[in-house]
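Notes follow the structure.
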Amino acid sequence: MENSYDASLSGQDLLTDFEVDLQLASAGKRFANYLIDLVVFYLVTVLLFALYYVMVTPQEYAASTNSIDSLTDRLVSMLMYGIISGIVEGLFKGKSLGKLITGTRAVNTDGTNISFKTALLRGLSRIVPFEPFSALGGPSNPWHDKWTNTYVIDEKLSTRK
């Protein structure tokens with residue numbers, strides 16, 4: 001029987017010799033991700049609100065809307081957006097619907113997939129006031145990437161682990 005072992009590979013560690021070339025997603029793709037994900041969030045919120053409205057009586061609905069002021073409503077919406085963004089990226093290994101459409105993915109700075117914890121921290125970082133403005137400029141490196149040591153890469157242009 002012939003030995004198929006290649007002697008030229010005997011001194012190499014195939015797991016550590018893998019070359020990583022990460023190409024950051026363009027600011028345009030990042031903005032498209034943000035818009036798509038925001039629209040999806042609002043659509044889901046409207047659907048959940050409509051479901052809630054159908055399930056409660058008009059008196060219960062009136063009582064619930066009178067007890068919430070606009071500041072509380074804003075804070076709850078921001079928190080929901082952050083949590084939902086984090087959960088989606090965590091479940092889909094760094095992808096959201098926007099990232100799926102644009103061919104991008106959130107990864108650790110070494111090119112490995114982000115953990116669920118990192119994805120949740122990325123999502124919660126998004127609720128910081130004025131955080132979306134931190135993505136302006138080039139290269140786009142918003143606070144939620146800096147604080148979690150992550151990048152959003154263009155999958156077609158990148159080679160990663």
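Residues in the structure tokens are numbered from 1 in each chain, the chains being A, B, ... in the order shown, and ligands are numbered from 1 in the order shown.
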Practice prompt. Apply DSSP to the structure's backbone, then extract all residues of chain A labelled alpha helix (DSSP H) and return them as a count of residues only.
Written response: 80
Practice prompt. From the DSSP assignment of the backbone, select every residue of stretch 5-128 of chain A that is strand (DSSP E), and format the answer as a PyMOL selection string.
Written response: chain A and resi 104-108
Preceding selection exported with C-alpha atoms as a CSV table (one decimal), in the first residue's frame:
chain,number,residue,atom,x,y,z
A,104,THR,CA,-20.1,41.5,4.9
A,105,ARG,CA,-19.5,40.0,8.3
A,106,ALA,CA,-18.4,41.1,11.8
A,107,VAL,CA,-15.3,39.3,12.9
A,108,ASN,CA,-12.7,39.6,15.6
Worksheet entry | Contacts of A:Leu38 at 10 Å (only C-alpha atoms; same-chain gap of 5+ positions) as a list of chain:residue names |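 With the cut-off at 10 Å, the set is A:Ala32, A:Asn33, A:Leu43, A:Val44, A:Tyr81, A:Ser85, A:Gly98.
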Output of the above residues as a PDB file, in the first residue's frame, restricted to C-alpha atoms:
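Contents of selection_39.pdb, freshly written:
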ATOM      1  CA  ALA A  32     -26.366  50.019   3.724  1.00  0.00           C
ATOM      2  CA  ASN A  33     -26.109  47.461   6.550  1.00  0.00           C
ATOM      3  CA  LEU A  43     -40.928  46.466  10.567  1.00  0.00           C
ATOM      4  CA  VAL A  44     -40.640  43.820  13.294  1.00  0.00           C
ATOM      5  CA  TYR A  81     -32.543  47.755  19.037  1.00  0.00           C
ATOM      6  CA  SER A  85     -28.940  43.541  16.934  1.00  0.00           C
ATOM      7  CA  GLY A  98     -27.998  43.850   6.038  1.00  0.00           C
TER       8      GLY A  98
END
Worksheet entry | Atomic distance atom CA of A:Gly123 - atom CA of A:Trp147, expressed in Å with one decimal |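 That distance, rounded to one decimal, is 11.2 Å.
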Worksheet item: How many Å lie between atom CA of A:Ile153 and atom CA of A:Asp21, rounded to one decimal?
Response: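 Taking atom CA of A:Ile153 as the start and atom CA of A:Asp21 as the end point, the length is 10.0 Å.
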Worksheet entry | Who sits within 12 Å of A:Asp154, only C-alpha atoms, same chain under 2 positions skipped, as a list in words |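 With the cut-off at 12 Å, the set is Asp21, Leu22, Gln23, Leu24, Ala25, Ser26, Ala27, Gly28, Lys29, Arg30, Asn33, Lys95, Lys99, Leu100, Ile101, Thr102, Gly103, Thr104, Arg105, Ala106, Val107, Gly111, Tyr151, Val152, Lys156, Leu157, Ser158, Thr159 and Arg160 of chain A.
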Response to the item:
Restricting to only C-alpha atoms, whichever of A:Ser96, A:Ile83, A:Val20, A:Gly137 is closest to A:Leu121 is A:Ile83
Fill in: Atom-to-atom span, atom CA of A:Lys93 and atom CA of A:Asn113, Å
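So the two atoms, atom CA of A:Lys93 and atom CA of A:Asn113, lie 6.3 Å apart.
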